[in-house]
>>> print(open('input.pdb').read())   # PDB, C-alpha atoms
ATOM      1  CA  MET A   1       2.596 -16.659 -63.814  1.00  0.00           C
ATOM      2  CA  SER A   2       4.856 -14.099 -65.436  1.00  0.00           C
ATOM      3  CA  MET A   3       4.015 -10.441 -64.933  1.00  0.00           C
ATOM      4  CA  ARG A   4       5.387  -7.134 -66.166  1.00  0.00           C
ATOM      5  CA  ARG A   5       4.140  -3.663 -66.843  1.00  0.00           C
ATOM      6  CA  ALA A   6       2.474  -2.820 -70.047  1.00  0.00           C
ATOM      7  CA  PHE A   7       4.830  -0.126 -71.212  1.00  0.00           C
ATOM      8  CA  VAL A   8       7.324   2.551 -70.340  1.00  0.00           C
ATOM      9  CA  ALA A   9       7.544   6.220 -71.131  1.00  0.00           C
ATOM     10  CA  ALA A  10      10.634   7.652 -72.663  1.00  0.00           C
ATOM     11  CA  ALA A  11      11.476  10.263 -70.486  1.00  0.00           C
ATOM     12  CA  THR A  12      13.009  12.805 -69.132  1.00  0.00           C
ATOM     13  CA  ALA A  13      10.101  13.228 -71.405  1.00  0.00           C
ATOM     14  CA  ALA A  14       9.128  10.618 -73.794  1.00  0.00           C
ATOM     15  CA  ILE A  15       8.910   6.705 -73.368  1.00  0.00           C
ATOM     16  CA  THR A  16       5.891   4.520 -72.486  1.00  0.00           C
ATOM     17  CA  ALA A  17       6.678   0.959 -71.880  1.00  0.00           C
ATOM     18  CA  GLY A  18       7.673   4.020 -73.196  1.00  0.00           C
ATOM     19  CA  LEU A  19      10.178   6.728 -74.127  1.00  0.00           C
ATOM     20  CA  VAL A  20      10.333  10.285 -72.738  1.00  0.00           C
ATOM     21  CA  LEU A  21      12.282  13.573 -72.931  1.00  0.00           C
ATOM     22  CA  THR A  22      13.641  14.947 -69.697  1.00  0.00           C
ATOM     23  CA  ALA A  23      13.109  18.494 -68.629  1.00  0.00           C
ATOM     24  CA  GLY A  24      16.498  19.039 -67.026  1.00  0.00           C
ATOM     25  CA  CYS A  25      16.972  22.552 -65.700  1.00  0.00           C
ATOM     26  CA  THR A  26      16.397  24.801 -68.716  1.00  0.00           C
ATOM     27  CA  PRO A  27      13.872  27.638 -68.227  1.00  0.00           C
ATOM     28  CA  GLY A  28      10.440  27.266 -69.733  1.00  0.00           C
ATOM     29  CA  SER A  29       6.762  26.838 -69.019  1.00  0.00           C
ATOM     30  CA  PRO A  30       5.454  23.284 -69.458  1.00  0.00           C
ATOM     31  CA  SER A  31       1.804  22.331 -69.418  1.00  0.00           C
ATOM     32  CA  SER A  32       2.019  20.797 -65.985  1.00  0.00           C
ATOM     33  CA  GLY A  33       4.211  22.241 -63.256  1.00  0.00           C
ATOM     34  CA  GLY A  34       7.969  22.368 -63.026  1.00  0.00           C
ATOM     35  CA  THR A  35      10.534  23.687 -65.472  1.00  0.00           C
ATOM     36  CA  ALA A  36      10.654  22.713 -69.128  1.00  0.00           C
ATOM     37  CA  PRO A  37      13.689  22.679 -71.405  1.00  0.00           C
ATOM     38  CA  SER A  38      14.122  24.120 -74.845  1.00  0.00           C
ATOM     39  CA  VAL A  39      13.728  21.459 -77.506  1.00  0.00           C
ATOM     40  CA  ASP A  40      15.304  23.443 -80.340  1.00  0.00           C
ATOM     41  CA  GLY A  41      18.873  22.316 -79.808  1.00  0.00           C
ATOM     42  CA  LYS A  42      20.621  19.398 -81.480  1.00  0.00           C
ATOM     43  CA  GLY A  43      23.574  17.312 -80.447  1.00  0.00           C
ATOM     44  CA  PRO A  44      24.557  14.081 -78.677  1.00  0.00           C
ATOM     45  CA  ILE A  45      21.692  12.267 -76.919  1.00  0.00           C
ATOM     46  CA  THR A  46      21.961  10.365 -73.656  1.00  0.00           C
ATOM     47  CA  PHE A  47      19.310   7.656 -73.445  1.00  0.00           C
ATOM     48  CA  ALA A  48      18.698   6.011 -70.048  1.00  0.00           C
ATOM     49  CA  VAL A  49      17.238   2.495 -70.135  1.00  0.00           C
ATOM     50  CA  GLY A  50      16.968  -0.453 -67.770  1.00  0.00           C
ATOM     51  CA  SER A  51      19.870  -2.854 -68.114  1.00  0.00           C
ATOM     52  CA  ASP A  52      17.477  -5.666 -69.079  1.00  0.00           C
ATOM     53  CA  ASP A  53      16.527  -3.733 -72.245  1.00  0.00           C
ATOM     54  CA  ALA A  54      20.057  -2.667 -73.148  1.00  0.00           C
ATOM     55  CA  GLY A  55      20.514  -5.298 -75.854  1.00  0.00           C
ATOM     56  CA  ILE A  56      17.316  -4.296 -77.643  1.00  0.00           C
ATOM     57  CA  PHE A  57      18.125  -0.598 -77.707  1.00  0.00           C
ATOM     58  CA  ALA A  58      21.783  -1.106 -78.564  1.00  0.00           C
ATOM     59  CA  THR A  59      20.581  -2.733 -81.789  1.00  0.00           C
ATOM     60  CA  LEU A  60      17.906  -0.100 -82.479  1.00  0.00           C
ATOM     61  CA  ILE A  61      20.175   2.931 -82.100  1.00  0.00           C
ATOM     62  CA  LYS A  62      22.850   1.657 -84.504  1.00  0.00           C
ATOM     63  CA  PRO A  63      21.035   2.793 -87.675  1.00  0.00           C
ATOM     64  CA  TRP A  64      20.210   6.151 -86.020  1.00  0.00           C
ATOM     65  CA  ASN A  65      23.842   6.780 -85.093  1.00  0.00           C
ATOM     66  CA  LYS A  66      24.937   5.834 -88.600  1.00  0.00           C
ATOM     67  CA  ALA A  67      22.467   8.250 -90.185  1.00  0.00           C
ATOM     68  CA  ASN A  68      22.991  11.052 -87.655  1.00  0.00           C
ATOM     69  CA  PRO A  69      26.711  11.429 -86.936  1.00  0.00           C
ATOM     70  CA  THR A  70      26.228  14.762 -85.112  1.00  0.00           C
ATOM     71  CA  GLU A  71      23.427  13.421 -82.903  1.00  0.00           C
ATOM     72  CA  GLN A  72      24.898  10.191 -81.599  1.00  0.00           C
ATOM     73  CA  VAL A  73      22.853   8.299 -78.996  1.00  0.00           C
ATOM     74  CA  THR A  74      24.707   6.902 -75.992  1.00  0.00           C
ATOM     75  CA  LEU A  75      22.985   4.411 -73.711  1.00  0.00           C
ATOM     76  CA  THR A  76      23.144   4.924 -69.960  1.00  0.00           C
ATOM     77  CA  LEU A  77      22.158   1.783 -68.091  1.00  0.00           C
ATOM     78  CA  LEU A  78      19.801   1.923 -65.126  1.00  0.00           C
ATOM     79  CA  PRO A  79      19.287  -0.947 -62.644  1.00  0.00           C
ATOM     80  CA  GLU A  80      17.379  -3.953 -63.932  1.00  0.00           C
ATOM     81  CA  ALA A  81      14.645  -3.803 -61.276  1.00  0.00           C
ATOM     82  CA  GLU A  82      11.969  -1.148 -61.782  1.00  0.00           C
ATOM     83  CA  ASN A  83      12.271   0.001 -58.166  1.00  0.00           C
ATOM     84  CA  GLY A  84      15.952   0.694 -58.672  1.00  0.00           C
ATOM     85  CA  GLN A  85      15.326   2.516 -61.937  1.00  0.00           C
ATOM     86  CA  LEU A  86      12.738   4.763 -60.314  1.00  0.00           C
ATOM     87  CA  ALA A  87      15.039   5.585 -57.404  1.00  0.00           C
ATOM     88  CA  GLN A  88      17.946   6.522 -59.684  1.00  0.00           C
ATOM     89  CA  LEU A  89      15.829   8.573 -62.077  1.00  0.00           C
ATOM     90  CA  THR A  90      14.045  10.380 -59.262  1.00  0.00           C
ATOM     91  CA  ALA A  91      17.301  11.314 -57.540  1.00  0.00           C
ATOM     92  CA  ASN A  92      18.718  12.813 -60.738  1.00  0.00           C
ATOM     93  CA  LEU A  93      15.559  14.582 -61.851  1.00  0.00           C
ATOM     94  CA  GLN A  94      14.812  16.058 -58.440  1.00  0.00           C
ATOM     95  CA  ALA A  95      18.295  17.547 -58.462  1.00  0.00           C
ATOM     96  CA  GLY A  96      17.637  19.191 -61.834  1.00  0.00           C
ATOM     97  CA  SER A  97      20.371  17.077 -63.406  1.00  0.00           C
ATOM     98  CA  SER A  98      20.859  17.198 -67.177  1.00  0.00           C
ATOM     99  CA  THR A  99      22.363  13.702 -67.191  1.00  0.00           C
ATOM    100  CA  TYR A 100      19.544  12.208 -69.259  1.00  0.00           C
ATOM    101  CA  ASP A 101      18.002  13.496 -72.487  1.00  0.00           C
ATOM    102  CA  VAL A 102      15.607  10.605 -73.067  1.00  0.00           C
ATOM    103  CA  ILE A 103      14.524   7.925 -70.640  1.00  0.00           C
ATOM    104  CA  ALA A 104      12.604   4.683 -70.714  1.00  0.00           C
ATOM    105  CA  MET A 105      10.085   4.641 -67.897  1.00  0.00           C
ATOM    106  CA  ASP A 106       7.229   2.579 -66.541  1.00  0.00           C
ATOM    107  CA  VAL A 107       3.666   3.562 -67.365  1.00  0.00           C
ATOM    108  CA  ILE A 108       2.791   4.247 -63.764  1.00  0.00           C
ATOM    109  CA  TRP A 109       5.371   7.048 -63.580  1.00  0.00           C
ATOM    110  CA  THR A 110       3.797   9.280 -66.242  1.00  0.00           C
ATOM    111  CA  ALA A 111       1.651  11.436 -63.955  1.00  0.00           C
ATOM    112  CA  GLU A 112       4.362  11.728 -61.291  1.00  0.00           C
ATOM    113  CA  PHE A 113       7.085  12.782 -63.714  1.00  0.00           C
ATOM    114  CA  ALA A 114       4.838  15.116 -65.714  1.00  0.00           C
ATOM    115  CA  SER A 115       3.347  16.884 -62.704  1.00  0.00           C
ATOM    116  CA  ALA A 116       6.831  17.413 -61.257  1.00  0.00           C
ATOM    117  CA  GLY A 117       8.040  19.015 -64.477  1.00  0.00           C
ATOM    118  CA  TRP A 118      10.672  16.341 -65.043  1.00  0.00           C
ATOM    119  CA  ILE A 119       9.503  15.488 -68.559  1.00  0.00           C
ATOM    120  CA  ILE A 120       8.099  17.572 -71.392  1.00  0.00           C
ATOM    121  CA  PRO A 121       4.919  17.042 -73.444  1.00  0.00           C
ATOM    122  CA  LEU A 122       5.137  15.674 -76.965  1.00  0.00           C
ATOM    123  CA  GLU A 123       3.269  16.607 -80.125  1.00  0.00           C
ATOM    124  CA  SER A 124       0.770  13.800 -80.710  1.00  0.00           C
ATOM    125  CA  SER A 125       0.688  14.346 -84.478  1.00  0.00           C
ATOM    126  CA  MET A 126       4.338  13.303 -84.714  1.00  0.00           C
ATOM    127  CA  PHE A 127       3.489   9.687 -83.887  1.00  0.00           C
ATOM    128  CA  PRO A 128       1.164   7.072 -85.480  1.00  0.00           C
ATOM    129  CA  LEU A 129      -0.787   6.667 -82.238  1.00  0.00           C
ATOM    130  CA  GLY A 130      -3.756   5.184 -84.100  1.00  0.00           C
ATOM    131  CA  ASP A 131      -1.635   2.089 -84.782  1.00  0.00           C
ATOM    132  CA  PHE A 132      -0.908   1.580 -81.069  1.00  0.00           C
ATOM    133  CA  LEU A 133      -2.987  -0.195 -78.445  1.00  0.00           C
ATOM    134  CA  ARG A 134      -5.305   2.459 -77.051  1.00  0.00           C
ATOM    135  CA  PRO A 135      -4.762   1.518 -73.369  1.00  0.00           C
ATOM    136  CA  ALA A 136      -1.019   1.861 -73.919  1.00  0.00           C
ATOM    137  CA  VAL A 137      -1.438   5.355 -75.332  1.00  0.00           C
ATOM    138  CA  ASP A 138      -3.760   6.292 -72.477  1.00  0.00           C
ATOM    139  CA  THR A 139      -1.040   5.548 -69.929  1.00  0.00           C
ATOM    140  CA  ALA A 140       1.199   8.079 -71.671  1.00  0.00           C
ATOM    141  CA  MET A 141      -1.431  10.829 -71.347  1.00  0.00           C
ATOM    142  CA  TYR A 142      -1.727  13.281 -68.459  1.00  0.00           C
ATOM    143  CA  ASN A 143      -3.861  16.430 -68.231  1.00  0.00           C
ATOM    144  CA  GLY A 144      -4.767  16.080 -71.887  1.00  0.00           C
ATOM    145  CA  HIS A 145      -1.166  15.953 -73.129  1.00  0.00           C
ATOM    146  CA  LEU A 146       1.013  13.167 -74.487  1.00  0.00           C
ATOM    147  CA  TRP A 147       4.138  12.754 -72.367  1.00  0.00           C
ATOM    148  CA  ALA A 148       5.572   9.478 -73.670  1.00  0.00           C
ATOM    149  CA  VAL A 149       5.427   7.066 -76.595  1.00  0.00           C
ATOM    150  CA  PRO A 150       4.660   3.373 -76.015  1.00  0.00           C
ATOM    151  CA  TYR A 151       7.230   1.000 -77.419  1.00  0.00           C
ATOM    152  CA  TYR A 152       5.992  -2.352 -76.134  1.00  0.00           C
ATOM    153  CA  SER A 153       3.125  -3.905 -74.242  1.00  0.00           C
ATOM    154  CA  ASN A 154       2.990  -6.875 -71.881  1.00  0.00           C
ATOM    155  CA  ALA A 155       0.468  -9.622 -71.318  1.00  0.00           C
ATOM    156  CA  GLU A 156       0.271 -11.860 -68.264  1.00  0.00           C
ATOM    157  CA  VAL A 157       0.562 -15.596 -68.962  1.00  0.00           C
ATOM    158  CA  LEU A 158       0.126 -18.622 -66.717  1.00  0.00           C
ATOM    159  CA  TYR A 159       2.451 -21.450 -67.730  1.00  0.00           C
ATOM    160  CA  TYR A 160       1.857 -25.043 -66.699  1.00  0.00           C
ATOM    161  CA  ARG A 161       3.644 -28.381 -66.945  1.00  0.00           C
ATOM    162  CA  LYS A 162       1.743 -30.188 -69.696  1.00  0.00           C
ATOM    163  CA  ASP A 163       3.684 -33.408 -69.148  1.00  0.00           C
ATOM    164  CA  ILE A 164       2.833 -33.506 -65.434  1.00  0.00           C
ATOM    165  CA  LEU A 165      -0.857 -32.780 -65.946  1.00  0.00           C
ATOM    166  CA  THR A 166      -1.058 -35.435 -68.663  1.00  0.00           C
ATOM    167  CA  LYS A 167       0.452 -38.055 -66.348  1.00  0.00           C
ATOM    168  CA  ALA A 168      -1.983 -37.053 -63.625  1.00  0.00           C
ATOM    169  CA  GLY A 169      -4.932 -37.147 -66.006  1.00  0.00           C
ATOM    170  CA  LYS A 170      -5.722 -33.506 -65.317  1.00  0.00           C
ATOM    171  CA  LEU A 171      -6.671 -30.590 -67.526  1.00  0.00           C
ATOM    172  CA  PRO A 172      -4.973 -27.204 -67.100  1.00  0.00           C
ATOM    173  CA  PRO A 173      -6.658 -25.188 -64.348  1.00  0.00           C
ATOM    174  CA  GLN A 174      -9.216 -22.639 -65.475  1.00  0.00           C
ATOM    175  CA  THR A 175      -9.757 -20.986 -62.090  1.00  0.00           C
ATOM    176  CA  TRP A 176      -7.631 -20.131 -59.062  1.00  0.00           C
ATOM    177  CA  ALA A 177      -9.544 -22.733 -57.066  1.00  0.00           C
ATOM    178  CA  GLN A 178      -8.580 -25.441 -59.585  1.00  0.00           C
ATOM    179  CA  LEU A 179      -4.962 -24.260 -59.528  1.00  0.00           C
ATOM    180  CA  ALA A 180      -4.923 -24.439 -55.729  1.00  0.00           C
ATOM    181  CA  GLU A 181      -6.393 -27.940 -55.788  1.00  0.00           C
ATOM    182  CA  GLN A 182      -3.785 -29.206 -58.261  1.00  0.00           C
ATOM    183  CA  ALA A 183      -1.011 -27.467 -56.337  1.00  0.00           C
ATOM    184  CA  LYS A 184      -2.012 -29.434 -53.249  1.00  0.00           C
ATOM    185  CA  THR A 185      -2.713 -32.809 -54.848  1.00  0.00           C
ATOM    186  CA  VAL A 186      -0.666 -33.128 -58.056  1.00  0.00           C
ATOM    187  CA  ALA A 187       2.489 -31.061 -57.566  1.00  0.00           C
ATOM    188  CA  PRO A 188       3.743 -32.817 -54.374  1.00  0.00           C
ATOM    189  CA  GLU A 189       3.671 -36.201 -56.136  1.00  0.00           C
ATOM    190  CA  TYR A 190       6.350 -34.914 -58.512  1.00  0.00           C
ATOM    191  CA  GLY A 191       8.389 -32.953 -55.994  1.00  0.00           C
ATOM    192  CA  LEU A 192       7.171 -29.630 -57.354  1.00  0.00           C
ATOM    193  CA  GLN A 193       5.794 -26.452 -55.893  1.00  0.00           C
ATOM    194  CA  GLY A 194       2.247 -25.800 -56.994  1.00  0.00           C
ATOM    195  CA  TYR A 195       2.628 -22.185 -58.065  1.00  0.00           C
ATOM    196  CA  ALA A 196       5.446 -19.731 -58.683  1.00  0.00           C
ATOM    197  CA  GLY A 197       5.223 -16.015 -59.285  1.00  0.00           C
ATOM    198  CA  GLN A 198       6.918 -12.677 -58.668  1.00  0.00           C
ATOM    199  CA  LEU A 199       6.264 -12.626 -54.945  1.00  0.00           C
ATOM    200  CA  ALA A 200       9.288 -10.769 -53.593  1.00  0.00           C
ATOM    201  CA  PRO A 201       8.462  -7.446 -51.871  1.00  0.00           C
ATOM    202  CA  TYR A 202       8.803  -5.230 -54.968  1.00  0.00           C
ATOM    203  CA  GLU A 203       6.723  -4.162 -57.969  1.00  0.00           C
ATOM    204  CA  GLY A 204       6.330  -7.740 -59.195  1.00  0.00           C
ATOM    205  CA  LEU A 205       4.359  -8.698 -56.092  1.00  0.00           C
ATOM    206  CA  THR A 206       1.929  -5.833 -56.715  1.00  0.00           C
ATOM    207  CA  VAL A 207       1.456  -6.950 -60.310  1.00  0.00           C
ATOM    208  CA  ASN A 208       0.874 -10.593 -59.361  1.00  0.00           C
ATOM    209  CA  PHE A 209      -1.562  -9.552 -56.640  1.00  0.00           C
ATOM    210  CA  ALA A 210      -3.491  -7.359 -59.081  1.00  0.00           C
ATOM    211  CA  ASP A 211      -3.619 -10.224 -61.605  1.00  0.00           C
ATOM    212  CA  ALA A 212      -5.006 -12.633 -59.024  1.00  0.00           C
ATOM    213  CA  ILE A 213      -7.694 -10.228 -57.840  1.00  0.00           C
ATOM    214  CA  GLN A 214      -8.810  -9.000 -61.242  1.00  0.00           C
ATOM    215  CA  SER A 215      -8.701 -12.376 -63.005  1.00  0.00           C
ATOM    216  CA  ALA A 216     -11.020 -13.715 -60.298  1.00  0.00           C
ATOM    217  CA  GLY A 217     -13.534 -10.960 -61.016  1.00  0.00           C
ATOM    218  CA  GLY A 218     -12.494  -8.705 -58.134  1.00  0.00           C
ATOM    219  CA  SER A 219     -11.211  -5.162 -57.980  1.00  0.00           C
ATOM    220  CA  ILE A 220      -8.470  -3.588 -55.886  1.00  0.00           C
ATOM    221  CA  LEU A 221     -10.155  -0.194 -55.868  1.00  0.00           C
ATOM    222  CA  SER A 222     -13.705   0.567 -54.865  1.00  0.00           C
ATOM    223  CA  PRO A 223     -15.875   2.093 -57.606  1.00  0.00           C
ATOM    224  CA  PRO A 224     -15.908   5.904 -57.507  1.00  0.00           C
ATOM    225  CA  GLU A 225     -18.729   7.401 -55.528  1.00  0.00           C
ATOM    226  CA  PRO A 226     -21.071   9.744 -57.437  1.00  0.00           C
ATOM    227  CA  CYS A 227     -20.462  13.427 -56.903  1.00  0.00           C
ATOM    228  CA  PRO A 228     -22.967  15.051 -54.519  1.00  0.00           C
TER     229      PRO A 228
END
>>> encode(input="input.pdb", output="structure tokens")
Amino acid sequence: MSMRRAFVAAATAAITAGLVLTAGCTPGSPSSGGTAPSVDGKGPITFAVGSDDAGIFATLIKPWNKANPTEQVTLTLLPEAENGQLAQLTANLQAGSSTYDVIAMDVIWTAEFASAGWIIPLESSMFPLGDFLRPAVDTAMYNGHLWAVPYYSNAEVLYYRKDILTKAGKLPPQTWAQLAEQAKTVAPEYGLQGYAGQLAPYEGLTVNFADAIQSAGGSILSPPEPCP
């Protein structure tokens, strides 16, 4: 079962599995805590992205750099793993560093980065948000403001060995119980493990755990209690 986040925010304030603009250390008064930069200036742009997305963005920024010779975008590569990206971004932003102008960030960082004043809000009317998946846009919102712009969304998929199931006369599992049964009875006959996922102690484990719970009809969080 392959799992990844839905989007990223560009950030050092605008990307949602996304892009975001960073606040840096320029004086200002953002909508949510911290210090906001001026957005009137123009010049070279440093864009921080995870190394796994470098190829995609290297292609996308070529036409921009060709059309905007005085505002060239330079990619700065972050670690491939989300945990490593968060650690590096947090260290720089907490220090008030102006290293990054725009960053790609995970959807779950929006509230943290916005409330800390590390990214600046965006004008919603500048983007065709009506053409985006609504849940993706929602992850880029905080305190009624848009802080990032979604650029891709993920879906979880369970892959199976069609050839093995055909030989065993089995249909693909429809429930976790069926998957567990086939993992115990079918997989060993072919020298295979019954199930593989992102189970190392990092973000991937959390995502796989959430998928398992929610796809079985459960919920990680208890429903909110009514206000007294």
>>> residues_near_point(input="input.pdb", point="(-2.1, -23.8, -61.7)", cutoff="9 Å", atoms="all atoms listed in the file", output="VMD selection string")
chain A and resid 1 158 to 160 172 to 183 194 to 195
>>> residues_near_point(input="input.pdb", point="(23.9, 3.6, -70.5)", cutoff="8 Å", atoms="all atoms listed in the file", output="PyMOL selection string")
chain A and resi 46-49+51+54+74-78
>>> closest_residue(input="input.pdb", among="A:Ala140, A:Leu60, A:Leu146, A:Val102", to="Leu122 of chain A", atoms="only C-alpha atoms")
A:Leu146
>>> residues_around(input="input.pdb", residues="Ser125 of chain A", least_positions_apart="2", cutoff="12 Å", atoms="only C-alpha atoms", output="list of chain:residue names")
A:Leu122, A:Glu123, A:Phe127, A:Pro128, A:Leu129, A:Gly130, A:His145, A:Leu146, A:Val149
>>> atom_distance(input="input.pdb", atom1="atom CA of Val20 of chain A", atom2="atom CA of Pro63 of chain A")
19.8 Å
